[in-house]
Amino acid sequence: MGTFTSAFKALSDPTRLRALRMILIAGEPLCVCELVDALSLPQYQVSKHLAVLRQAGLVTDTRVGTWVYYSAVGEPDEFTAGLYDLVRKHVDSPTFREDVERLRARMALREEGLCPPGPERAASRTKRPGAPRLARRS
C-alpha cells in the first residue's frame, strides 16, 4: 500500500508531474540542467522535486562526473508502468506543451548524447573530448 500512496503523493505536485512527463517524453536520461531549462524553474527547486520522484520509485538517477541524469525506471512494475502510460498519454495542457518545446530546444544542444558542460559550451556547441558513458549509481 505504501508504494501506491507514495507514488500518488509524489505526483500530486504539478512540478513533479511536469518533471516526470518530461522524463517520459524524452525517452532517454535527462540532465538536471535540461529539466531546469524545460521547466523554467531554479535548479534547487527541480532537484528537490526529482528527489521526491526518486524516493517514490518513479525515476532513477545516474551520475556522470558532476552531472546527474534522471530517467524512468528500467523495468517498472505493472502499477508504475500504468502510471507512466497515463502521464505520457493523457496529462496535457498548454503548460505541458510549452515544457516539451523548451525540452526539445535544450536537447538539441546535446553533444555525443550528453548535456553540454555549462552555458558557454552549450552556446558554442564545441565537442567534449572523452565524454563518459552513462553508468547507473548504486
# chains A, B, ... in the order shown; residues from 1 in each chain; ligands from 1
>>> residues_around(residues="A:Gln55", least_positions_apart="4", cutoff="9 Å", atoms="only C-alpha atoms", output="PDB file with N, CA and C atoms, in the first residue's frame")
ATOM      1  N   SER A   6       2.831   6.596  -1.899  1.00  0.00           N
ATOM      2  CA  SER A   6       3.993   7.465  -2.136  1.00  0.00           C
ATOM      3  C   SER A   6       4.034   7.929  -3.591  1.00  0.00           C
ATOM      4  N   ALA A  10       3.699  11.800  -4.637  1.00  0.00           N
ATOM      5  CA  ALA A  10       4.736  12.420  -5.464  1.00  0.00           C
ATOM      6  C   ALA A  10       4.125  13.124  -6.669  1.00  0.00           C
ATOM      7  N   LEU A  50      12.837  16.249  -8.013  1.00  0.00           N
ATOM      8  CA  LEU A  50      13.361  14.991  -8.563  1.00  0.00           C
ATOM      9  C   LEU A  50      13.692  14.005  -7.447  1.00  0.00           C
ATOM     10  N   ALA A  51      14.174  14.500  -6.316  1.00  0.00           N
ATOM     11  CA  ALA A  51      14.467  13.623  -5.179  1.00  0.00           C
ATOM     12  C   ALA A  51      13.192  12.955  -4.673  1.00  0.00           C
ATOM     13  N   VAL A  59      11.490   7.442 -10.673  1.00  0.00           N
ATOM     14  CA  VAL A  59      12.629   7.726 -11.539  1.00  0.00           C
ATOM     15  C   VAL A  59      13.895   7.176 -10.891  1.00  0.00           C
ATOM     16  N   THR A  60      14.917   7.018 -11.698  1.00  0.00           N
ATOM     17  CA  THR A  60      16.236   6.629 -11.195  1.00  0.00           C
ATOM     18  C   THR A  60      17.227   7.711 -11.618  1.00  0.00           C
TER      19      THR A  60
END
>>> closest_atom_pairs(of="stretch 43-85 of chain A", to="stretch 12-33 of chain A", cutoff="8 Å", atoms="only C-alpha atoms", output="CSV")
residue,atom,partner,partner_atom,distance
A:Gln43,CA,A:Cys33,CA,7.0
A:Val46,CA,A:Val32,CA,7.4
A:Ser47,CA,A:Val32,CA,7.0
A:His49,CA,A:Arg16,CA,5.6
A:Leu50,CA,A:Arg16,CA,7.0
A:Leu53,CA,A:Arg16,CA,7.0
A:Leu58,CA,A:Leu20,CA,8.0
A:Val59,CA,A:Leu20,CA,7.8
A:Trp67,CA,A:Cys31,CA,6.6
A:Val68,CA,A:Cys31,CA,5.7
A:Tyr69,CA,A:Cys31,CA,4.2
A:Tyr70,CA,A:Pro29,CA,5.2
A:Ser71,CA,A:Pro29,CA,4.5
A:Ala72,CA,A:Leu24,CA,6.4
A:Tyr84,CA,A:Leu24,CA,7.2
>>> closest_residue(among="A:Asp77, A:Lys89, A:Glu98, A:Met107", to="A:Phe4", atoms="only C-alpha atoms")
A:Asp77
>>> select_by_dssp(residues="chain A", states="strand (DSSP E)", output="PyMOL selection string")
chain A and resi 30-31+59-64+67-72
>>> write_last_selection(atoms="C-alpha atoms", output="short mmCIF file (atom, residue, chain, number, x, y, z; two decimals), in the first residue's frame")
data_model
loop_
_atom_site.label_atom_id
_atom_site.label_comp_id
_atom_site.auth_asym_id
_atom_site.auth_seq_id
_atom_site.Cartn_x
_atom_site.Cartn_y
_atom_site.Cartn_z
CA LEU A 30 17.80 13.91 -18.82
CA CYS A 31 20.36 16.04 -17.03
CA VAL A 59 12.63 7.73 -11.54
CA THR A 60 16.24 6.63 -11.19
CA ASP A 61 19.36 8.75 -11.27
CA THR A 62 22.75 8.25 -12.85
CA ARG A 63 25.87 10.29 -12.15
CA VAL A 64 28.25 11.26 -14.95
CA TRP A 67 26.10 15.85 -13.77
CA VAL A 68 23.11 13.82 -12.62
CA TYR A 69 20.80 12.31 -15.22
CA TYR A 70 17.27 11.15 -14.42
CA SER A 71 15.31 8.51 -16.28
CA ALA A 72 12.24 6.34 -15.94
#
>>> select_by_dssp(residues="stretch 90-120 of chain A", states="alpha helix (DSSP H)", output="VMD selection string")
chain A and resid 90 94 to 107 119 to 120
>>> write_last_selection(atoms="N, CA and C atoms", output="CSV table (one decimal), in the first residue's frame")
chain,number,residue,atom,x,y,z
A,90,HIS,N,-2.0,11.0,-21.4
A,90,HIS,CA,-3.2,11.7,-21.0
A,90,HIS,C,-3.0,13.0,-20.2
A,94,PRO,N,-1.6,23.5,-22.0
A,94,PRO,CA,-0.6,24.4,-22.7
A,94,PRO,C,0.7,24.4,-21.9
A,95,THR,N,0.7,24.4,-20.6
A,95,THR,CA,2.0,24.4,-19.8
A,95,THR,C,2.8,23.2,-20.2
A,96,PHE,N,2.2,22.0,-20.3
A,96,PHE,CA,3.0,20.8,-20.6
A,96,PHE,C,3.5,20.9,-22.0
A,97,ARG,N,2.8,21.4,-23.0
A,97,ARG,CA,3.2,21.6,-24.3
A,97,ARG,C,4.4,22.6,-24.4
A,98,GLU,N,4.3,23.6,-23.7
A,98,GLU,CA,5.5,24.6,-23.6
A,98,GLU,C,6.7,24.0,-23.1
A,99,ASP,N,6.5,23.1,-22.0
A,99,ASP,CA,7.7,22.4,-21.4
A,99,ASP,C,8.3,21.5,-22.5
A,100,VAL,N,7.5,20.8,-23.3
A,100,VAL,CA,8.1,19.9,-24.4
A,100,VAL,C,8.9,20.8,-25.4
A,101,GLU,N,8.3,21.9,-25.8
A,101,GLU,CA,9.1,22.7,-26.7
A,101,GLU,C,10.4,23.2,-26.2
A,102,ARG,N,10.4,23.6,-24.9
A,102,ARG,CA,11.7,24.0,-24.3
A,102,ARG,C,12.7,22.8,-24.2
A,103,LEU,N,12.1,21.7,-23.8
A,103,LEU,CA,13.0,20.5,-23.7
A,103,LEU,C,13.6,20.1,-25.0
A,104,ARG,N,12.8,20.1,-26.1
A,104,ARG,CA,13.4,19.8,-27.4
A,104,ARG,C,14.5,20.7,-27.8
A,105,ALA,N,14.3,22.0,-27.6
A,105,ALA,CA,15.3,23.0,-27.9
A,105,ALA,C,16.5,22.8,-27.1
A,106,ARG,N,16.4,22.4,-25.8
A,106,ARG,CA,17.5,22.2,-24.9
A,106,ARG,C,18.3,20.9,-25.3
A,107,MET,N,17.5,19.9,-25.7
A,107,MET,CA,18.2,18.6,-26.1
A,107,MET,C,18.9,18.7,-27.4
A,119,PRO,N,26.7,26.8,-19.9
A,119,PRO,CA,26.1,27.6,-20.9
A,119,PRO,C,27.1,28.1,-22.0
A,120,GLU,N,28.3,28.4,-21.6
A,120,GLU,CA,29.3,28.8,-22.6
A,120,GLU,C,29.6,27.8,-23.6
>>> closest_residue(among="A:Gly65, A:Phe8, A:Arg54, A:Gly2", to="A:Val87", atoms="only C-alpha atoms")
A:Phe8
>>> atom_distance(atom1="atom CA of A:Thr80", atom2="atom CA of A:Val52")
15.1 Å
>>> atom_distance(atom1="atom CA of A:Leu114", atom2="atom CA of A:Thr66")
12.4 Å
>>> closest_residue(among="A:Gly57, A:Lys9, A:Asp92, A:Lys48", to="A:Glu75", atoms="only C-alpha atoms")
A:Gly57
